[in-house]
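Scroll down for the structure; my scribbles are underneath it.
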Amino acid sequence: MPSSSILGFPRMGVNRDLKHLVEGFWKGTVTEADLLSGAKDLRAKHWKIQQEKGIQHIPSNDFSLYDHILDAAVTFGAIPPRYSALKGLDLYFAMARGVQREGSVDLTSLPMSKFFDTNYHYVPVPLTPSTHFDLGTYSKPVQEYLEARALGIQTRPYIVGPVSFLLLARKSKDAPASFNKLSLLYQLVDEYAKLISELDTAGAEWIQLDEPHLVMDLTDAEKAAYNEAYTRLASKIADKKIQVLVATYFEGLDTNAELAFKLPGVAAIHVDLVRGIDSFDAVIRAAKGSEKVVSLGVVNGRNVWKADLAQAIKIVQQAVELIGAKRVIVASSCSLLHSPHSVEAEKIGSKVDDELIDWMSFAVEKLDEIATITKAVNFGTESVQEALAANAKSVGSRLTSKRIHDPAVQERLRNITPTLLTRKSPYVVRRSIQADLLNLPKYPTTTIGSFPQTATLRRIRAQFKKGSIDQAEYERLLKEEIASVVAFQEKLDIDVLVHGEAERNDMVEYFGEMLNGVGFTKNGWVQSYGSRCVKPPVIYGDVSRPSAMTVAWTTYAQSLTKRPMKGMLTGPLTILCWSFVRDDQPREYTSKQIALAVRDEVVDLEKAGIKVIQIDEPAIREGLPLRRTKWNAYLKWAVDSFLLASCGVQDGTQIHSHMCYSDFEDIMDDIIQLDCDVLSIESAKSDLKLLQAFQERAYPNELGPGVFDIHTQRVAPLGEMKNRVDEMKTCLAWDRIWINPDCGLKTRGWEETEAVLKNMVQTAKDFRAATAAL
């Protein structure tokens with residue numbers, strides 16, 4: 001009979017409990033003992049929820065204090081030498097966030113990168129030929145398995161698989177050019193074998209090794225690495241009872257199906273049949289040629305819409321008919337890490353949107369969906385008739401609701417012409433006009449948008465939402481904050497200012513709350529990185545802008561200064577990728593609807609006298625399909641969406657964009673096509689490879705590579721920033737370099753923000769002086 005399974009569960013807890021624990025530990029208000037005890041309680045709660053919902057393959061070790069990929073690096077001893085003096089949580093969090101203690105230690109953090117095409121950021125460990133893997137005496141996967149077993153819960157320990165671990169890691173900048181990360185494979189596989197042996201001894205019946213790279217376009221060397229890794233692993237654990245499940249997700253196996261199902265020593269393969277339904281036939285063909293169990297990911301782990309249970313049951317039944325019931329597991333498409341915790345929290349309090357709630361399913365509800373599908377396949381649909389009827393009613397309601405379609409938006413979409421996608425003049429012409437209008441110095445300084453979001457600011461917004469303060473008082477308090485931020489920047493002598501975004505809860509959620517066709521949740525938090533959680537908007541229908549979203553705040557800020565004030569907007573691709581998006585029309589249509597709304601805002605900002613407008617697009621690379629055969633189609637409408645949003649202005653208006661934590665080397669031509677006047681990028685955590693990509697493609701416009709990392713509490717010293725600019729000058733024309741942070745300063749404290757921005761401005765002044773002396 002088919003069994004039920006998920007690949008992972010959200011870590012944060014129903015009220016973001018883990019976030020508060022971890023941040024309290026960083027601030028010194030939570031002890032290490034209390035942090036570990038609180039984390040243990042959360043794990044127990046989450047395992048019990050899954051057990052009570054009828055999930056049979058319950059994962060363990062999917063919980064993390066920061067990042068599961070970093071956990072794997074620490075588990076196998078892949079720790080860069082610069083952290084060797086630290087131990088325990090000090091070591092772990094230093095790798096994640098950096099650490100700076102006056103007179104004793106000053107260590108930068110490891111870089112962050114997007115996890116495939118999600119908004120989750122992982123920590124890739126740098127590797128060199130001398131990297132040595134060592135399981136050590138304390139094994140987190142074993143300890144958490146035993147922790148669950150002590151509660152009477154049999155779990156399936158999870159860890160990222162050896163090949164994907166190496167492919168997700170980075171080649172250290174200190175490694176020789178000839179170094180291949182996969183050369184470390186045998187040594188790493190031997191440590192995996194030790195871990196699996198320990199789990200077998202502890203009583204584990206299964207281990208889940210995630211190998212998401214199996215859905216990618218693999219080179220011959222990477223395909224060979226999979227065969228070699230699992231052949232070696234199988235030989236090392238041949239005498240063990242524990243069974244290995246290899247999990248793939250975010251796309252279909254497609255041409256790699258045969259490779260996956262021929263991996264030696266593997267008892268089961270998990271496939272994503274939400275994003276990879278087109279690979280169903282290839283999966284079944286490959287499965288028929290093996291004896292492996294097939295875990296069918298039929299419930300979407302990355303979106304909030306209720307599954308169409310009738311359709312999911314049909315898929316599972318078809319698999320059962322073709323390969324047999326004993327070889328089928330019913331599962332989520334991927335880890336539920338990418339889903340909010342539970343819809344139940346949305347039903348509490350005022351302003352409950354009953355219709356929207358009825359359409360949604362979060363992590364806890366997805367457990368019910370998986371259990372229902374499993375029961376229907378095992379005992380017939382009549383055994384879950386009531387649940388199926390309720391589901392069909394909800395699914396049907398979303399398809400036919402009058403809230404979904406707006407004829408005016410659809411008509412505007414049909415009327416998009418090429419002239420809407422082009423600036424009036426080429427960049428070289430615009431640059432001269434903007435230089436005269438803005439009169440900026442060489443190495444101009446700016447920030448990316450947000451300034452520290454204090455507890456006071458959050459309290460003001462919460463009071464306004466609850467109705468405890470009125471509109472007038474809310475605006476007065478926020479204007480005080482904006483005035484303070486403007487004065488702060490003028491005091492530091494920053495050249496292009498921002499208003500600080502005091503009114504914004506999140507760069508996507510804020511806009512989602514003001515667009516038609518977009519709903520929002522009260523507690524729909526998902527983890528973005530570390531303790532950082534976001535509450536994505538829910539795009540359920542056609543999108544339009546009923547009124548201006550940022551003009552009043554931006555023009556007020558501009559009225560306080562003679563320096564240029566940047567209008568700050570989130571771009572259409574980022575709003576799309578960082579939202580839960582409707583699945584009843586192509587994403588291209590939704591993206592262009594958002595682009596038209598952003599275009600209206602850009603034009604209104606310009607009319608109001610704003611001469612610098614930033615349209616952030618950190619997600620453009622993130623939205624790239626995992627298979628190259630799908631790239632061209634995506635990049636065409638992605639670039640068109642940005643151009644549609646940005647090209648409605650005159651030549652004198654300077655359009656900025658910002659991108660972070662993505663590799664742009666393979667889409668540089670498309671980045672150039674965006675034709676923004678100034679592009680700021682994450683750079684402080686990256687080596688020269690990213691800047692060299694801009695150099696190799698002769699990036700024609702102005703560029704602001706970040707000179708310091710904002711995701712750490714350390715204050716980058718002046719010398720470190722100047723070294724970064726010296727590196728930039730080896731790759732970029734000096735007269736097109738901007739000096740700015742990596743990203744927004746929302747999560748930083750005011751004291752460290754002031755110190756690090758002083759260093760940033762001084763860096764720019766020192767380089768101006770050096771240039772003037774030539």
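In the structure tokens, chains take the letters A, B, ... in the order shown, each chain's residues start at 1, and ligands count up from 1 in the order shown.
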
Going by DSSP on the backbone, which residues of range 553-764 of chain A come out as strand (DSSP E or B)? List them as a PDB file with N, CA, C and O atoms, in the first residue's frame.
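Listed below is the output, selection_38.pdb:
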```
ATOM      1  N   MET A 565      16.837  62.632  -4.321  1.00  0.00           N
ATOM      2  CA  MET A 565      16.170  61.621  -3.497  1.00  0.00           C
ATOM      3  C   MET A 565      15.707  60.500  -4.417  1.00  0.00           C
ATOM      4  O   MET A 565      14.973  60.745  -5.376  1.00  0.00           O
ATOM      5  N   LYS A 566      16.119  59.279  -4.126  1.00  0.00           N
ATOM      6  CA  LYS A 566      15.722  58.137  -4.947  1.00  0.00           C
ATOM      7  C   LYS A 566      14.310  57.691  -4.619  1.00  0.00           C
ATOM      8  O   LYS A 566      13.965  57.494  -3.446  1.00  0.00           O
ATOM      9  N   GLY A 567      13.498  57.528  -5.667  1.00  0.00           N
ATOM     10  CA  GLY A 567      12.245  56.804  -5.492  1.00  0.00           C
ATOM     11  C   GLY A 567      12.561  55.326  -5.450  1.00  0.00           C
ATOM     12  O   GLY A 567      13.326  54.828  -6.279  1.00  0.00           O
ATOM     13  N   MET A 568      11.982  54.613  -4.497  1.00  0.00           N
ATOM     14  CA  MET A 568      12.343  53.217  -4.270  1.00  0.00           C
ATOM     15  C   MET A 568      11.164  52.297  -4.582  1.00  0.00           C
ATOM     16  O   MET A 568      10.124  52.356  -3.919  1.00  0.00           O
ATOM     17  N   LEU A 569      11.343  51.463  -5.607  1.00  0.00           N
ATOM     18  CA  LEU A 569      10.292  50.535  -6.031  1.00  0.00           C
ATOM     19  C   LEU A 569      10.838  49.123  -6.135  1.00  0.00           C
ATOM     20  O   LEU A 569      12.030  48.919  -6.382  1.00  0.00           O
ATOM     21  N   THR A 570       9.959  48.166  -5.980  1.00  0.00           N
ATOM     22  CA  THR A 570      10.308  46.764  -6.224  1.00  0.00           C
ATOM     23  C   THR A 570       9.828  46.397  -7.622  1.00  0.00           C
ATOM     24  O   THR A 570       8.708  46.720  -8.006  1.00  0.00           O
ATOM     25  N   PHE A 580       3.333  34.339  -3.619  1.00  0.00           N
ATOM     26  CA  PHE A 580       2.635  33.115  -3.989  1.00  0.00           C
ATOM     27  C   PHE A 580       1.733  33.486  -5.171  1.00  0.00           C
ATOM     28  O   PHE A 580       0.852  34.336  -5.045  1.00  0.00           O
ATOM     29  N   VAL A 581       1.980  32.867  -6.313  1.00  0.00           N
ATOM     30  CA  VAL A 581       1.417  33.345  -7.570  1.00  0.00           C
ATOM     31  C   VAL A 581       0.298  32.420  -8.055  1.00  0.00           C
ATOM     32  O   VAL A 581       0.392  31.188  -7.931  1.00  0.00           O
ATOM     33  N   VAL A 612      15.697  60.434  -9.705  1.00  0.00           N
ATOM     34  CA  VAL A 612      16.399  59.144  -9.589  1.00  0.00           C
ATOM     35  C   VAL A 612      15.394  58.125  -9.060  1.00  0.00           C
ATOM     36  O   VAL A 612      14.791  58.348  -7.999  1.00  0.00           O
ATOM     37  N   ILE A 613      15.202  57.049  -9.787  1.00  0.00           N
ATOM     38  CA  ILE A 613      14.211  56.043  -9.404  1.00  0.00           C
ATOM     39  C   ILE A 613      14.852  54.668  -9.490  1.00  0.00           C
ATOM     40  O   ILE A 613      15.405  54.294 -10.532  1.00  0.00           O
ATOM     41  N   GLN A 614      14.797  53.937  -8.403  1.00  0.00           N
ATOM     42  CA  GLN A 614      15.385  52.591  -8.347  1.00  0.00           C
ATOM     43  C   GLN A 614      14.283  51.541  -8.398  1.00  0.00           C
ATOM     44  O   GLN A 614      13.339  51.588  -7.616  1.00  0.00           O
ATOM     45  N   ILE A 615      14.430  50.608  -9.333  1.00  0.00           N
ATOM     46  CA  ILE A 615      13.482  49.503  -9.480  1.00  0.00           C
ATOM     47  C   ILE A 615      14.253  48.216  -9.172  1.00  0.00           C
ATOM     48  O   ILE A 615      14.986  47.701 -10.008  1.00  0.00           O
ATOM     49  N   ASP A 616      14.109  47.728  -7.965  1.00  0.00           N
ATOM     50  CA  ASP A 616      14.900  46.574  -7.516  1.00  0.00           C
ATOM     51  C   ASP A 616      14.462  45.302  -8.226  1.00  0.00           C
ATOM     52  O   ASP A 616      13.269  44.994  -8.287  1.00  0.00           O
ATOM     53  N   GLN A 654      17.140  59.244 -14.007  1.00  0.00           N
ATOM     54  CA  GLN A 654      18.128  58.171 -13.885  1.00  0.00           C
ATOM     55  C   GLN A 654      17.470  56.939 -13.260  1.00  0.00           C
ATOM     56  O   GLN A 654      16.979  56.985 -12.124  1.00  0.00           O
ATOM     57  N   ILE A 655      17.455  55.848 -14.020  1.00  0.00           N
ATOM     58  CA  ILE A 655      16.855  54.600 -13.549  1.00  0.00           C
ATOM     59  C   ILE A 655      17.938  53.702 -12.962  1.00  0.00           C
ATOM     60  O   ILE A 655      18.913  53.361 -13.641  1.00  0.00           O
ATOM     61  N   HIS A 656      17.769  53.337 -11.715  1.00  0.00           N
ATOM     62  CA  HIS A 656      18.661  52.396 -11.037  1.00  0.00           C
ATOM     63  C   HIS A 656      17.962  51.048 -10.911  1.00  0.00           C
ATOM     64  O   HIS A 656      16.730  50.959 -10.902  1.00  0.00           O
ATOM     65  N   SER A 657      18.749  49.998 -10.758  1.00  0.00           N
ATOM     66  CA  SER A 657      18.213  48.715 -10.318  1.00  0.00           C
ATOM     67  C   SER A 657      19.209  48.088  -9.361  1.00  0.00           C
ATOM     68  O   SER A 657      20.384  48.504  -9.299  1.00  0.00           O
ATOM     69  N   HIS A 658      18.736  47.131  -8.598  1.00  0.00           N
ATOM     70  CA  HIS A 658      19.600  46.445  -7.631  1.00  0.00           C
ATOM     71  C   HIS A 658      19.376  44.946  -7.733  1.00  0.00           C
ATOM     72  O   HIS A 658      18.238  44.483  -7.840  1.00  0.00           O
ATOM     73  N   MET A 659      20.472  44.196  -7.706  1.00  0.00           N
ATOM     74  CA  MET A 659      20.403  42.733  -7.757  1.00  0.00           C
ATOM     75  C   MET A 659      21.390  42.168  -6.746  1.00  0.00           C
ATOM     76  O   MET A 659      22.472  42.738  -6.548  1.00  0.00           O
ATOM     77  N   VAL A 678      22.037  52.859 -13.827  1.00  0.00           N
ATOM     78  CA  VAL A 678      22.947  52.452 -12.757  1.00  0.00           C
ATOM     79  C   VAL A 678      22.455  51.129 -12.183  1.00  0.00           C
ATOM     80  O   VAL A 678      21.286  51.002 -11.824  1.00  0.00           O
ATOM     81  N   LEU A 679      23.343  50.166 -12.082  1.00  0.00           N
ATOM     82  CA  LEU A 679      23.013  48.861 -11.500  1.00  0.00           C
ATOM     83  C   LEU A 679      23.881  48.645 -10.272  1.00  0.00           C
ATOM     84  O   LEU A 679      25.111  48.712 -10.354  1.00  0.00           O
ATOM     85  N   SER A 680      23.265  48.404  -9.126  1.00  0.00           N
ATOM     86  CA  SER A 680      24.015  48.041  -7.919  1.00  0.00           C
ATOM     87  C   SER A 680      23.873  46.542  -7.684  1.00  0.00           C
ATOM     88  O   SER A 680      22.796  45.977  -7.896  1.00  0.00           O
ATOM     89  N   ILE A 681      24.967  45.919  -7.254  1.00  0.00           N
ATOM     90  CA  ILE A 681      24.981  44.465  -7.094  1.00  0.00           C
ATOM     91  C   ILE A 681      25.652  44.076  -5.781  1.00  0.00           C
ATOM     92  O   ILE A 681      26.491  44.799  -5.255  1.00  0.00           O
ATOM     93  N   GLU A 702      26.616  52.342 -15.712  1.00  0.00           N
ATOM     94  CA  GLU A 702      27.291  52.542 -14.429  1.00  0.00           C
ATOM     95  C   GLU A 702      26.954  51.401 -13.468  1.00  0.00           C
ATOM     96  O   GLU A 702      25.870  50.808 -13.539  1.00  0.00           O
ATOM     97  N   LEU A 703      27.883  51.116 -12.564  1.00  0.00           N
ATOM     98  CA  LEU A 703      27.769  49.930 -11.713  1.00  0.00           C
ATOM     99  C   LEU A 703      28.176  50.257 -10.292  1.00  0.00           C
ATOM    100  O   LEU A 703      29.177  50.944 -10.063  1.00  0.00           O
ATOM    101  N   GLY A 704      27.410  49.746  -9.340  1.00  0.00           N
ATOM    102  CA  GLY A 704      27.714  49.934  -7.927  1.00  0.00           C
ATOM    103  C   GLY A 704      27.866  48.614  -7.203  1.00  0.00           C
ATOM    104  O   GLY A 704      26.917  48.148  -6.552  1.00  0.00           O
ATOM    105  N   PRO A 705      29.031  47.968  -7.304  1.00  0.00           N
ATOM    106  CA  PRO A 705      29.244  46.724  -6.542  1.00  0.00           C
ATOM    107  C   PRO A 705      29.342  47.047  -5.051  1.00  0.00           C
ATOM    108  O   PRO A 705      30.038  47.984  -4.655  1.00  0.00           O
ATOM    109  N   GLY A 706      28.647  46.309  -4.215  1.00  0.00           N
ATOM    110  CA  GLY A 706      28.632  46.599  -2.786  1.00  0.00           C
ATOM    111  C   GLY A 706      30.015  46.540  -2.169  1.00  0.00           C
ATOM    112  O   GLY A 706      30.789  45.627  -2.454  1.00  0.00           O
ATOM    113  N   ILE A 737      31.940  53.842 -11.538  1.00  0.00           N
ATOM    114  CA  ILE A 737      31.771  53.088 -10.287  1.00  0.00           C
ATOM    115  C   ILE A 737      30.995  53.920  -9.267  1.00  0.00           C
ATOM    116  O   ILE A 737      31.313  55.085  -9.019  1.00  0.00           O
ATOM    117  N   ILE A 739      29.618  53.861  -5.161  1.00  0.00           N
ATOM    118  CA  ILE A 739      30.007  53.305  -3.862  1.00  0.00           C
ATOM    119  C   ILE A 739      28.740  53.142  -3.024  1.00  0.00           C
ATOM    120  O   ILE A 739      28.058  54.124  -2.695  1.00  0.00           O
ATOM    121  N   ASN A 740      28.428  51.908  -2.679  1.00  0.00           N
ATOM    122  CA  ASN A 740      27.180  51.621  -1.952  1.00  0.00           C
ATOM    123  C   ASN A 740      27.299  50.308  -1.180  1.00  0.00           C
ATOM    124  O   ASN A 740      28.220  49.519  -1.421  1.00  0.00           O
TER     125      ASN A 740
END
```

Rows by chain and residue number, range 340-369 of chain A within 9 Å of range 307-315 of chain A, shortest pair, only C-alpha atoms, as CSV:
```
residue,atom,partner,partner_atom,distance
A:Met360,CA,A:Ala307,CA,8.8
A:Ser361,CA,A:Ala307,CA,7.8
A:Lys366,CA,A:Ala307,CA,8.1
A:Glu369,CA,A:Leu309,CA,7.2
```

Report as a VMD selection string all protein, DNA and RNA residues lying within 10 Å of Ser547 in chain A, evaluated on only C-alpha atoms, omitting residues in the same chain fewer than 3 positions from it. chain A and resid 514 to 516 544 550 to 551 597 600 to 601

Which neighbours of Arg302 in chain A fall inside 9 Å, counting only C-alpha atoms, when residues of the same chain fewer than 6 positions from it are skipped, and could you give them as a ChimeraX atom specification? /A:118,250,333-339,580

Restricted to N, CA, C and O atoms, what would the selected residues look like written as an mmCIF file, in the first residue's frame?
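Output below, filename out33.cif:
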```cif
data_model
loop_
_atom_site.group_PDB
_atom_site.id
_atom_site.type_symbol
_atom_site.label_atom_id
_atom_site.label_comp_id
_atom_site.auth_asym_id
_atom_site.auth_seq_id
_atom_site.Cartn_x
_atom_site.Cartn_y
_atom_site.Cartn_z
ATOM 1 N N THR A 118 14.472 29.492 -5.744
ATOM 2 C CA THR A 118 13.640 29.912 -4.617
ATOM 3 C C THR A 118 14.166 31.218 -4.035
ATOM 4 O O THR A 118 15.255 31.685 -4.394
ATOM 5 N N PHE A 250 11.944 20.626 -7.634
ATOM 6 C CA PHE A 250 11.928 21.919 -8.319
ATOM 7 C C PHE A 250 11.834 21.807 -9.842
ATOM 8 O O PHE A 250 11.726 22.810 -10.534
ATOM 9 N N SER A 333 5.835 17.917 -3.062
ATOM 10 C CA SER A 333 6.732 18.046 -4.209
ATOM 11 C C SER A 333 8.162 18.327 -3.772
ATOM 12 O O SER A 333 9.120 17.880 -4.410
ATOM 13 N N CYS A 334 8.313 19.081 -2.701
ATOM 14 C CA CYS A 334 9.618 19.433 -2.138
ATOM 15 C C CYS A 334 9.418 19.626 -0.639
ATOM 16 O O CYS A 334 8.333 19.358 -0.115
ATOM 17 N N SER A 335 10.421 20.087 0.048
ATOM 18 C CA SER A 335 10.263 20.385 1.468
ATOM 19 C C SER A 335 9.203 21.455 1.667
ATOM 20 O O SER A 335 9.089 22.397 0.878
ATOM 21 N N LEU A 336 8.447 21.342 2.742
ATOM 22 C CA LEU A 336 7.459 22.362 3.089
ATOM 23 C C LEU A 336 8.106 23.571 3.761
ATOM 24 O O LEU A 336 7.415 24.484 4.215
ATOM 25 N N LEU A 337 9.421 23.600 3.802
ATOM 26 C CA LEU A 337 10.166 24.766 4.270
ATOM 27 C C LEU A 337 9.704 26.033 3.567
ATOM 28 O O LEU A 337 9.727 27.124 4.144
ATOM 29 N N HIS A 338 9.279 25.897 2.311
ATOM 30 C CA HIS A 338 8.926 27.054 1.487
ATOM 31 C C HIS A 338 7.454 27.452 1.632
ATOM 32 O O HIS A 338 6.979 28.322 0.901
ATOM 33 N N SER A 339 6.757 26.828 2.559
ATOM 34 C CA SER A 339 5.349 27.143 2.827
ATOM 35 C C SER A 339 5.208 27.768 4.215
ATOM 36 O O SER A 339 5.988 27.461 5.117
ATOM 37 N N PHE A 580 3.333 34.339 -3.619
ATOM 38 C CA PHE A 580 2.635 33.115 -3.989
ATOM 39 C C PHE A 580 1.733 33.486 -5.171
ATOM 40 O O PHE A 580 0.852 34.336 -5.045
#
```

Helix (DSSP H, G or I) residues, from DSSP on the backbone, in range 487-635 of chain A, as a compact mmCIF listing (two decimals) with N, CA and C atoms, in the first residue's frame:
```txt
# COMPACT_ATOMS: atom_id res chain seq x y z
N ALA A 487 18.24 63.72 7.40
CA ALA A 487 19.27 64.51 8.08
C ALA A 487 20.50 63.65 8.38
N PHE A 488 20.27 62.41 8.75
CA PHE A 488 21.36 61.47 9.03
C PHE A 488 22.25 61.30 7.80
N GLN A 489 21.63 61.12 6.64
CA GLN A 489 22.40 60.93 5.41
C GLN A 489 23.14 62.21 5.00
N GLU A 490 22.49 63.35 5.18
CA GLU A 490 23.16 64.61 4.86
C GLU A 490 24.37 64.83 5.76
N LYS A 491 24.22 64.50 7.02
CA LYS A 491 25.33 64.64 7.96
C LYS A 491 26.51 63.77 7.55
N LEU A 492 26.22 62.57 7.03
CA LEU A 492 27.28 61.68 6.57
C LEU A 492 27.84 62.08 5.21
N GLU A 509 5.86 42.78 0.22
CA GLU A 509 4.56 42.81 0.91
C GLU A 509 3.95 44.21 0.87
N TYR A 510 4.78 45.23 1.03
CA TYR A 510 4.27 46.61 1.03
C TYR A 510 3.52 46.93 -0.26
N PHE A 511 4.10 46.56 -1.38
CA PHE A 511 3.45 46.84 -2.66
C PHE A 511 2.25 45.93 -2.89
N GLY A 512 2.39 44.68 -2.46
CA GLY A 512 1.27 43.76 -2.61
C GLY A 512 0.01 44.24 -1.93
N VAL A 551 4.55 57.87 -3.96
CA VAL A 551 4.81 59.25 -4.37
C VAL A 551 4.79 60.22 -3.17
N ALA A 552 3.81 60.10 -2.30
CA ALA A 552 3.68 61.04 -1.18
C ALA A 552 4.89 60.99 -0.26
N TRP A 553 5.31 59.79 0.12
CA TRP A 553 6.46 59.65 1.02
C TRP A 553 7.74 60.15 0.35
N THR A 554 7.92 59.81 -0.92
CA THR A 554 9.16 60.18 -1.61
C THR A 554 9.25 61.69 -1.82
N THR A 555 8.15 62.30 -2.23
CA THR A 555 8.19 63.75 -2.45
C THR A 555 8.34 64.51 -1.14
N TYR A 556 7.78 63.97 -0.06
CA TYR A 556 8.01 64.61 1.24
C TYR A 556 9.50 64.58 1.58
N ALA A 557 10.13 63.42 1.38
CA ALA A 557 11.56 63.31 1.67
C ALA A 557 12.37 64.27 0.78
N GLN A 558 12.00 64.37 -0.50
CA GLN A 558 12.71 65.27 -1.41
C GLN A 558 12.57 66.73 -0.97
N SER A 559 11.43 67.06 -0.38
CA SER A 559 11.22 68.44 0.07
C SER A 559 12.15 68.84 1.20
N PRO A 572 8.87 44.18 -11.16
CA PRO A 572 7.82 43.18 -11.43
C PRO A 572 8.29 41.75 -11.25
N LEU A 573 9.53 41.44 -11.67
CA LEU A 573 10.02 40.07 -11.53
C LEU A 573 10.15 39.67 -10.07
N THR A 574 10.62 40.61 -9.25
CA THR A 574 10.81 40.32 -7.83
C THR A 574 9.48 40.19 -7.11
N ILE A 575 8.53 41.06 -7.43
CA ILE A 575 7.19 40.91 -6.84
C ILE A 575 6.62 39.55 -7.24
N LEU A 576 6.81 39.16 -8.48
CA LEU A 576 6.31 37.86 -8.96
C LEU A 576 6.98 36.71 -8.22
N CYS A 577 8.32 36.70 -8.21
CA CYS A 577 9.06 35.56 -7.66
C CYS A 577 8.95 35.46 -6.15
N ARG A 587 2.93 32.66 -15.98
CA ARG A 587 3.58 33.65 -15.12
C ARG A 587 3.95 34.92 -15.91
N GLU A 588 4.21 34.76 -17.20
CA GLU A 588 4.52 35.91 -18.05
C GLU A 588 3.41 36.95 -17.98
N TYR A 589 2.16 36.52 -18.07
CA TYR A 589 1.04 37.46 -18.06
C TYR A 589 0.97 38.21 -16.74
N THR A 590 1.15 37.48 -15.64
CA THR A 590 1.12 38.12 -14.33
C THR A 590 2.27 39.10 -14.17
N SER A 591 3.45 38.72 -14.65
CA SER A 591 4.62 39.60 -14.55
C SER A 591 4.38 40.91 -15.30
N LYS A 592 3.81 40.84 -16.48
CA LYS A 592 3.59 42.05 -17.27
C LYS A 592 2.46 42.90 -16.70
N GLN A 593 1.49 42.27 -16.06
CA GLN A 593 0.46 43.05 -15.37
C GLN A 593 1.10 43.86 -14.23
N ILE A 594 2.00 43.23 -13.48
CA ILE A 594 2.69 43.94 -12.40
C ILE A 594 3.56 45.04 -12.98
N ALA A 595 4.21 44.75 -14.11
CA ALA A 595 5.09 45.74 -14.75
C ALA A 595 4.32 46.99 -15.13
N LEU A 596 3.12 46.83 -15.64
CA LEU A 596 2.30 47.99 -15.99
C LEU A 596 1.94 48.81 -14.75
N ALA A 597 1.68 48.14 -13.64
CA ALA A 597 1.39 48.86 -12.39
C ALA A 597 2.62 49.63 -11.92
N VAL A 598 3.80 49.00 -11.99
CA VAL A 598 5.04 49.67 -11.59
C VAL A 598 5.34 50.84 -12.53
N ARG A 599 5.09 50.65 -13.83
CA ARG A 599 5.31 51.73 -14.80
C ARG A 599 4.49 52.97 -14.42
N ASP A 600 3.25 52.77 -14.05
CA ASP A 600 2.41 53.89 -13.64
C ASP A 600 3.04 54.64 -12.46
N GLU A 601 3.60 53.89 -11.53
CA GLU A 601 4.22 54.52 -10.35
C GLU A 601 5.48 55.28 -10.75
N VAL A 602 6.28 54.70 -11.63
CA VAL A 602 7.50 55.36 -12.10
C VAL A 602 7.17 56.69 -12.77
N VAL A 603 6.19 56.68 -13.64
CA VAL A 603 5.79 57.90 -14.35
C VAL A 603 5.29 58.96 -13.36
N ASP A 604 4.53 58.53 -12.37
CA ASP A 604 4.01 59.48 -11.38
C ASP A 604 5.13 60.06 -10.52
N LEU A 605 6.13 59.26 -10.19
CA LEU A 605 7.27 59.78 -9.43
C LEU A 605 8.01 60.84 -10.24
N GLU A 606 8.21 60.56 -11.52
CA GLU A 606 8.89 61.54 -12.37
C GLU A 606 8.09 62.84 -12.46
N LYS A 607 6.79 62.72 -12.65
CA LYS A 607 5.94 63.91 -12.72
C LYS A 607 6.01 64.73 -11.43
N ARG A 628 18.03 24.67 -19.23
CA ARG A 628 18.44 25.70 -20.20
C ARG A 628 17.50 25.78 -21.39
N THR A 629 16.83 24.72 -21.72
CA THR A 629 15.92 24.75 -22.87
C THR A 629 14.77 25.73 -22.64
N LYS A 630 14.55 26.09 -21.38
CA LYS A 630 13.46 27.01 -21.05
C LYS A 630 13.95 28.44 -20.80
N TRP A 631 15.25 28.66 -20.91
CA TRP A 631 15.81 29.96 -20.55
C TRP A 631 15.36 31.08 -21.48
N ASN A 632 15.48 30.87 -22.77
CA ASN A 632 15.24 31.96 -23.72
C ASN A 632 13.83 32.53 -23.58
N ALA A 633 12.86 31.65 -23.44
CA ALA A 633 11.48 32.12 -23.32
C ALA A 633 11.31 32.95 -22.05
N TYR A 634 11.86 32.47 -20.93
CA TYR A 634 11.75 33.22 -19.68
C TYR A 634 12.45 34.56 -19.77
N LEU A 635 13.70 34.55 -20.25
CA LEU A 635 14.48 35.79 -20.28
C LEU A 635 13.84 36.84 -21.18
```

Between A:Ala733, A:Leu421, A:Leu146, A:Leu18, which one has atoms that come closest to Lys442 in chain A, using only C-alpha atoms? A:Ala733

Neighbour list for Arg697 in chain A as a VMD selection string, cut-off 12 Å, only C-alpha atoms, skip fewer than 4 positions in-chain: chain A and resid 664 to 673 690 to 693 701 731 to 732

Residues within 8 Å of Pro212 in chain A, only C-alpha atoms, excluding chain neighbours under 2 positions, as JSON, numbers by chain: {"A": [164, 210, 214, 215, 216, 247, 248, 249, 250]}

Kindly give the distance, in Å, that separates CA of Leu199 in chain A and CA of Tyr145 in chain A, rounded to a single decimal.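 Taking CA of Leu199 in chain A and CA of Tyr145 in chain A, their separation equals 7.9 Å.
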
What's the separation between CA of Leu36 in chain A and CA of Glu198 in chain A, in Å to one decimal place?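 Between these atoms lies a distance of 22.7 Å.
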
Residue neighbourhood Glu291 in chain A, 9 Å, only C-alpha atoms, exclusion window fewer than 6 positions, as a ChimeraX atom specification: /A:261,267-268,327

Just the number, please: distance in Å from CA of Leu388 in chain A to CA of Ala376 in chain A, one decimal. 9.2 Å

Given only C-alpha atoms as the counted atoms, nearest of A:Gln243, A:Ser450, A:Ser4, A:Thr747 to Asp200 in chain A: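 Smallest separation from Asp200 in chain A among the options: A:Gln243.
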